Protein chains: 2
Amino acid sequence: MRNRFYQVPHCTAFGTEKPWTQAAHRGVKAEGGWAAVCTEYAPFAPDTDEAPLVAARFWDEDDMRALRLMTDEVHRHGALAGLELHHAGNHAENNVTRYPTLAPSQTASDLHAHVVAKAMERSDIERVQRDWVEAAKRARDCGFDIVYAYGAHSYLLMQFLSPFYNGRTDGYGGSLANRARFWLETLEAGKRAIGDDCAIATRISVEGLGPSGIHVDEALEFVGLADPYVDLWDVNVGSISLWSHDSGSSRYFEEGYQLRWTGRVREATAKPIVGVGRLTNPDLMARIVRSGAWDLVGAARPSIADPFLPRKVAEGRTDEIRECTGSNVCIMKVDGFGHLGCLQNPTAGEEHRRGWHPERVEPAGDPSTPILVLGAGPAGLECAVTLGRRGFERVHLVEAERELGGKLRWVRRLPGLGDWGRVVDHRAVLLAKLPNVAVVTGKRLAAADVLDYGAAVVVLATGSHWSGDGLQAATHEPIDGADPALPHVLTPEQVAAEGRRPPGRRVAVYDAEGYVTGPGIAQLLAAEGFEVTLVTPLDLVSPLSDLTVEGPLLRRALHDAGVRMVRGVTITAVEAGRATGETEFEEPWALDIDGVVLVTQQVSNDGLYHELVADPAALAAAGIRRLVRIGDAVAPRMPSEAVFEGHRCGREIELPDPMAVRAYDRERWVPDVAPSMAR
Amino acid sequence: MRNRFYQVPHCTAFGTEKPWTQAAHRGVKAEGGWAAVCTEYAPFAPDTDEAPLVAARFWDEDDMRALRLMTDEVHRHGALAGLELHHAGNHAENNVTRYPTLAPSQTASDLHAHVVAKAMERSDIERVQRDWVEAAKRARDCGFDIVYAYGAHSYLLMQFLSPFYNGRTDGYGGSLANRARFWLETLEAGKRAIGDDCAIATRISVEGLGPSGIHVDEALEFVGLADPYVDLWDVNVGSISLWSHDSGSSRYFEEGYQLRWTGRVREATAKPIVGVGRLTNPDLMARIVRSGAWDLVGAARPSIADPFLPRKVAEGRTDEIRECTGSNVCIMKVDGFGHLGCLQNPTAGEEHRRGWHPERVEPAGDPSTPILVLGAGPAGLECAVTLGRRGFERVHLVEAERELGGKLRWVRRLPGLGDWGRVVDHRAVLLAKLPNVAVVTGKRLAAADVLDYGAAVVVLATGSHWSGDGLQAATHEPIDGADPALPHVLTPEQVAAEGRRPPGRRVAVYDAEGYVTGPGIAQLLAAEGFEVTLVTPLDLVSPLSDLTVEGPLLRRALHDAGVRMVRGVTITAVEAGRATGETEFEEPWALDIDGVVLVTQQVSNDGLYHELVADPAALAAAGIRRLVRIGDAVAPRMPSEAVFEGHRCGREIELPDPMAVRAYDRERWVPDVAPSMAR
């Protein structure tokens, strides 16, 4: 390894389904300086199937051909390639492959309560170990330098080790030596088979933080037992049902929070150790390595947010690191939506299909084109930065408020969301280094001002606002009596940006969206002593937070803050002192309150766009050749999508119809990969 | 069309991702007699993306090549092929493609509350229509005979028609004529482009049954307006947020229930009409057609359960129809899990990858092999039927109970689950026609009996039972004080099969599984006058019912039956008069009750297997060459998986290791399809 930066295995939803996308994504990280770059989980047998999640399936030669593209690309950039061979055991639903789920004992999965495993027979144990060894050999032949026995996240190896799963009475259950046997035999067989060719890594959660795993003292004992067969210890905490505590979001976990447990692994081994913990601070990284706790700085999310983090550190450009926000939007996109994406890095997942590189952009065709970008929210900021990087010489970014950030100005001040501000701060740093981009704040332009501005290209990124009248998905109607001019009706902006408060102590936060704003406002008000009831028409409070593995943490935080939660209620009318509506069972519902905050739906700030576009003659007369609209001004979306659209606009502004819907490479018809197989 | 059987568009999760699987699945239906066979929804532009759901994406020539396999296969069997060109508008999350969602007005989706659309500009309207026409031309060139403008399920065309979505003030909003304009223009342009080559079908929900759609009188007006451009009306009810009312499960909807609304379409058109309603009864089908209400009998689910339904009708083998159970397991598998499957038809989705045909099996290698199948639940029944169809001459199916069905004996008696009994009844009909399979009921065999039976092959399908001690996913421990010998502790079998009841009126049903058993027991007891509290550690009552689009209906039914629902509570102890546990926030919880029914986890009836397998010498001495275990006796699963495994065993019993985990064709590396393109 050329340095101490290590991209630990993480999901992408590319797996073996999108081999070129996989190769391009991992390759960019190798280019960006990571010394080793791993795949996601790689099931080596058909009875570990977690569909609809996408895996780097590694059943046979065909699957190997898919990942050969990745190892070639990673090697081309001088990094090592790692494969995380995987069996989920009890947590494999096997929905698609339809084989019985396996586990040491016949237990229902704590992750999927309806999945009950077959208690493995001796022949199952031998077969799984054999399959792992065969896959390890294929991995070597496929060019992988590091091959995993993946035991973290309460998957099969850990299930043998943990008494929570293992109730066996044979030689594989009972004492630690017995519970460790399956894992140890697997490692030993792997070492024998490929140990001269590849490094054997094992990933282990050294503290389950709950019943489904083991605790750190026993983990250290296991490390001691397994150490002879392991070349690299990849250590973390939690389990798959408490994955929230491993891939901890910034809302609930500090950078480096895992060290409390993973920092102890050194007590048991002198072998290389890699750990994680949403690390983006180079000083902290250096401190950890110097302390001897770990040898390598592992990263999943920080490597997605900035594939060039190692190189920026090496070149002393640490201020340019695109720091992970810890929003866990990547997890939502991978596991919930089916394609990796990132709040900070708009090129994540676009390396192959859109051909975007995180650090390289096409030079401007006509650099002298004067471009006005209106609105410095996530879309406008990213657009201006991209235009600036492309070398446009006259870019003006004009913002009505005195502060950059658009919606993130106040969202970043909601409890726990401070690190979301990195979206703004990173771009502010880059803008300060781009003399060709002028940033003007505190200036609200009307249509006439835009026409007079002297721009040939105008990009409107004017954002969106929360509807003050309670317009909502369930009814597509406003709420009776909802008017944010009334003292007892408030919008999120009025509460969080303007400091308005309800006229009494009892307040309902009505969250019809189900993401971060409703809970954030509720927590903000609860912390100030208001009696808060969060009311939602949805089945769950903030269901989207379940996609970022924050749901249980969020609901617990609300509960602990004294917020009462009411689900399945649609509010249809508000008046002074009272909100009324209907339950999921169509029964009347009412709550006595002093005020209500309406988090129902956002609407675009598109008045300026429509005013300008309605008068093509005026645009022509003003010399405005092109008027485009991006971000929430088009349709209110998550900030990640506004950043994406701002970036796209910056890259494609010179195309005939820059914001047109365009197809991209879908990796459908896969050509033969003979050339790379010929190596 | 060669007859009146029409497979309406339905999802498979194959789309253009698994073109061979798609072709094989649809081809089998064409072979089975359906006169027309359609794809699933086929997005024709990148800004209608419902990932992670899988679509028959139809953006360009490459996608066309994928579906060419399907049209060829369907034509080869003499049927017409239909393509459901689709734009979801407001309901497209565009998670993967990342383009703005479109809708007539800027509203949040009633299906995905966090998705807010761009209000379509005039240029968007023209572009979408243009994209549809271009796709329609490609569809024709791809061999499709029927091309859809898909307006049902509250997708984009319906969004223009419905005032719930359409608040426009231009020529596309307001009056019916204006709201219809987008749809009419689309149809007219399509008719002009391909009307001489293909039939133009439009699918419309003629009664939204809620706010998101239109009502039947206005629908008939629209049918009148569009009739000149439409060759086939494909009619249904509901919307995508009320899809539960279109793809209605047998638990809540009768066969043919849509006729109340779709039976009125004839008032407005003389063109062919196809309708649906989980129709499997040929007499009802004939009555509908003779009444003139519809011209064609449409089917989605019944065509999955029995691809050969039309042929069986034609051949007078109506008793052999494998009738759809209305369990909606297909929906769970397609939309939730990622690959079509069926409770009734184990070959659904296996046509290509496992090479299984619904009506053909390989003849037995050595027909004289005596085979004993023990247990006549879903796995054993299907296994015995398959062995019988293969021509094994000496198959004995021995069941301990007097009645066939295994678990389904009592599950089918739970409220609303009667049609699940079709799994048993269909196989009983087939067994009665198979003289080579002897069915013995009311006979419980011990290990010695098995050894003495004279079988060379023994298949153990002995099922599973609900754990009486409260063993559960969350703790992997029994519940303190849980013992089904106590009067206040009951298992589902005791309640539903044995008729035991709690010793007082207040009963808790503790459902740690989250599927049908807990709610079924709760409803059964509530109907008898018990005061029922359904307690679940899960976030929702019966979350798996949301995957069968039954969740809201189920919770409403429980509520209406007087069942109190408590979520997020783990019961850890029961005693006479009281259950105690912990809430999701780790706070103590208690409930005064007279009895508790424990629906926590099932465990395999595997004692006989382990007894036999432990003595290989005895097996050899008895002449038992092969002992295999299938179904819940291996690992308790949904009945669909038991049927699948029974079928697999029946097909693969002669392989060296019949129930071994085996890879199948994954359609990863797609060869060139030049041969079929050359046509």
# chains A, B, ... in the order shown; residues from 1 in each chain; ligands from 1

call {"tool": "interface_residues", "arguments": {"of": "chain B", "to": "chain A", "cutoff": "7 Å", "atoms": "only C-alpha atoms", "output": "PyMOL selection string"}}
result
chain B and resi 46-47+51-52+95-96+98-100+107-110+113-114+116-118+164+337-339+472-474+476+512-514+556+585+601+634-637+641+661-663+669-670

call {"tool": "select_by_dssp", "arguments": {"residues": "segment 198-440 of chain B", "states": "strand (DSSP E or B)", "output": "number ranges by chain"}}
result
B: 199-205, 232-236, 273-275, 296-299, 370-374, 394-398, 437-440

call {"tool": "residues_around", "arguments": {"residues": "Ala456 of chain B", "least_positions_apart": "4", "cutoff": "10 Å", "atoms": "only C-alpha atoms", "output": "MDAnalysis selection string"}}
result
chainID B and resid 368:372 451 619:620 622:627

call {"tool": "select_by_dssp", "arguments": {"residues": "segment 245-456 of chain A", "states": "alpha helix (DSSP H)", "output": "PyMOL selection string"}}
result
chain A and resi 259-262+282-291+301-305+309-314+329-331+378-389+408-411+422-432+447-452

call {"tool": "residues_around", "arguments": {"residues": "Gly298 of chain B", "least_positions_apart": "2", "cutoff": "6 Å", "atoms": "only C-alpha atoms", "output": "PDB file with all heavy atoms, in the first residue's frame"}}
result
ATOM      1  N   TYR B   6     -56.986 -12.245 -22.435  1.00  0.00           N
ATOM      2  CA  TYR B   6     -56.058 -11.131 -22.640  1.00  0.00           C
ATOM      3  C   TYR B   6     -55.227 -10.923 -21.374  1.00  0.00           C
ATOM      4  O   TYR B   6     -55.785 -10.625 -20.309  1.00  0.00           O
ATOM      5  CB  TYR B   6     -56.882  -9.885 -22.943  1.00  0.00           C
ATOM      6  CG  TYR B   6     -56.104  -8.660 -23.349  1.00  0.00           C
ATOM      7  CD1 TYR B   6     -55.985  -8.310 -24.691  1.00  0.00           C
ATOM      8  CD2 TYR B   6     -55.521  -7.836 -22.399  1.00  0.00           C
ATOM      9  CE1 TYR B   6     -55.292  -7.163 -25.069  1.00  0.00           C
ATOM     10  CE2 TYR B   6     -54.817  -6.702 -22.769  1.00  0.00           C
ATOM     11  CZ  TYR B   6     -54.703  -6.374 -24.105  1.00  0.00           C
ATOM     12  OH  TYR B   6     -54.018  -5.238 -24.500  1.00  0.00           O
ATOM     13  N   GLN B   7     -53.927 -11.103 -21.482  1.00  0.00           N
ATOM     14  CA  GLN B   7     -53.070 -10.824 -20.323  1.00  0.00           C
ATOM     15  C   GLN B   7     -52.745  -9.345 -20.294  1.00  0.00           C
ATOM     16  O   GLN B   7     -51.945  -8.856 -21.075  1.00  0.00           O
ATOM     17  CB  GLN B   7     -51.793 -11.661 -20.366  1.00  0.00           C
ATOM     18  CG  GLN B   7     -50.933 -11.450 -19.109  1.00  0.00           C
ATOM     19  CD  GLN B   7     -49.594 -10.850 -19.426  1.00  0.00           C
ATOM     20  OE1 GLN B   7     -48.702 -11.542 -19.912  1.00  0.00           O
ATOM     21  NE2 GLN B   7     -49.414  -9.559 -19.154  1.00  0.00           N
ATOM     22  N   VAL B   8     -53.412  -8.644 -19.391  1.00  0.00           N
ATOM     23  CA  VAL B   8     -53.178  -7.200 -19.275  1.00  0.00           C
ATOM     24  C   VAL B   8     -51.758  -6.952 -18.775  1.00  0.00           C
ATOM     25  O   VAL B   8     -51.115  -7.842 -18.215  1.00  0.00           O
ATOM     26  CB  VAL B   8     -54.202  -6.543 -18.318  1.00  0.00           C
ATOM     27  CG1 VAL B   8     -55.621  -6.693 -18.851  1.00  0.00           C
ATOM     28  CG2 VAL B   8     -54.084  -7.105 -16.907  1.00  0.00           C
ATOM     29  N   VAL B 274     -61.555  -4.502 -22.407  1.00  0.00           N
ATOM     30  CA  VAL B 274     -61.021  -5.575 -21.562  1.00  0.00           C
ATOM     31  C   VAL B 274     -61.037  -5.097 -20.111  1.00  0.00           C
ATOM     32  O   VAL B 274     -60.678  -3.954 -19.822  1.00  0.00           O
ATOM     33  CB  VAL B 274     -59.593  -6.015 -22.003  1.00  0.00           C
ATOM     34  CG1 VAL B 274     -58.600  -4.856 -21.971  1.00  0.00           C
ATOM     35  CG2 VAL B 274     -59.096  -7.173 -21.157  1.00  0.00           C
ATOM     36  N   GLY B 275     -61.502  -5.960 -19.236  1.00  0.00           N
ATOM     37  CA  GLY B 275     -61.546  -5.636 -17.816  1.00  0.00           C
ATOM     38  C   GLY B 275     -60.900  -6.728 -17.000  1.00  0.00           C
ATOM     39  O   GLY B 275     -60.540  -7.788 -17.510  1.00  0.00           O
ATOM     40  N   VAL B 276     -60.729  -6.439 -15.722  1.00  0.00           N
ATOM     41  CA  VAL B 276     -60.081  -7.401 -14.815  1.00  0.00           C
ATOM     42  C   VAL B 276     -60.867  -7.506 -13.511  1.00  0.00           C
ATOM     43  O   VAL B 276     -61.838  -6.779 -13.304  1.00  0.00           O
ATOM     44  CB  VAL B 276     -58.627  -6.986 -14.495  1.00  0.00           C
ATOM     45  CG1 VAL B 276     -57.725  -7.125 -15.696  1.00  0.00           C
ATOM     46  CG2 VAL B 276     -58.586  -5.574 -13.923  1.00  0.00           C
TER      47      VAL B 276
END

call {"tool": "residues_around", "arguments": {"residues": "Trp589 of chain A", "least_positions_apart": "4", "cutoff": "6 Å", "atoms": "only C-alpha atoms", "output": "ChimeraX atom specification"}}
result
/A:580-582

call {"tool": "write_last_selection", "arguments": {"atoms": "N, CA and C atoms", "output": "CSV table (one decimal), in the first residue's frame"}}
result
chain,number,residue,atom,x,y,z
A,580,THR,N,-57.8,20.4,13.7
A,580,THR,CA,-58.7,19.3,13.6
A,580,THR,C,-58.3,18.6,12.3
A,581,GLY,N,-58.8,17.3,12.3
A,581,GLY,CA,-58.5,16.5,11.1
A,581,GLY,C,-59.1,15.2,11.2
A,582,GLU,N,-58.4,14.2,10.6
A,582,GLU,CA,-59.0,12.9,10.5
A,582,GLU,C,-57.9,11.8,10.7

call {"tool": "closest_residue", "arguments": {"among": "B:Tyr148, B:Tyr510, B:Leu430, B:Ala482", "to": "Val385 of chain B", "atoms": "only C-alpha atoms"}}
result
B:Leu430

call {"tool": "residues_around", "arguments": {"residues": "Val223 of chain A", "least_positions_apart": "4", "cutoff": "7 Å", "atoms": "only C-alpha atoms", "output": "ChimeraX atom specification"}}
result
/A:219,227,268-269

call {"tool": "residues_around", "arguments": {"residues": "Val597 of chain A", "least_positions_apart": "4", "cutoff": "7 Å", "atoms": "only C-alpha atoms", "output": "MDAnalysis selection string"}}
result
chainID A and resid 489:492 508:510

call {"tool": "write_last_selection", "arguments": {"atoms": "N, CA, C and O atoms", "output": "PDB file, in the first residue's frame"}}
result
ATOM      1  N   VAL A 489     -50.202  30.358  13.140  1.00  0.00           N
ATOM      2  CA  VAL A 489     -49.793  29.526  11.999  1.00  0.00           C
ATOM      3  C   VAL A 489     -48.384  29.934  11.595  1.00  0.00           C
ATOM      4  O   VAL A 489     -48.132  31.103  11.301  1.00  0.00           O
ATOM      5  N   LEU A 490     -47.490  28.961  11.561  1.00  0.00           N
ATOM      6  CA  LEU A 490     -46.092  29.285  11.265  1.00  0.00           C
ATOM      7  C   LEU A 490     -45.540  28.365  10.180  1.00  0.00           C
ATOM      8  O   LEU A 490     -45.968  27.215  10.048  1.00  0.00           O
ATOM      9  N   THR A 491     -44.597  28.888   9.440  1.00  0.00           N
ATOM     10  CA  THR A 491     -43.860  28.062   8.483  1.00  0.00           C
ATOM     11  C   THR A 491     -42.516  27.688   9.106  1.00  0.00           C
ATOM     12  O   THR A 491     -42.050  28.356  10.039  1.00  0.00           O
ATOM     13  N   PRO A 492     -41.867  26.651   8.566  1.00  0.00           N
ATOM     14  CA  PRO A 492     -40.534  26.304   9.076  1.00  0.00           C
ATOM     15  C   PRO A 492     -39.556  27.474   8.974  1.00  0.00           C
ATOM     16  O   PRO A 492     -38.748  27.682   9.888  1.00  0.00           O
ATOM     17  N   ALA A 508     -48.235  22.266  17.726  1.00  0.00           N
ATOM     18  CA  ALA A 508     -48.204  21.080  16.869  1.00  0.00           C
ATOM     19  C   ALA A 508     -47.278  21.356  15.703  1.00  0.00           C
ATOM     20  O   ALA A 508     -47.346  22.421  15.081  1.00  0.00           O
ATOM     21  N   VAL A 509     -46.391  20.410  15.431  1.00  0.00           N
ATOM     22  CA  VAL A 509     -45.611  20.459  14.195  1.00  0.00           C
ATOM     23  C   VAL A 509     -46.257  19.425  13.277  1.00  0.00           C
ATOM     24  O   VAL A 509     -46.277  18.230  13.603  1.00  0.00           O
ATOM     25  N   TYR A 510     -46.808  19.897  12.176  1.00  0.00           N
ATOM     26  CA  TYR A 510     -47.523  18.984  11.270  1.00  0.00           C
ATOM     27  C   TYR A 510     -46.602  18.628  10.115  1.00  0.00           C
ATOM     28  O   TYR A 510     -46.315  19.469   9.260  1.00  0.00           O
TER      29      TYR A 510
END
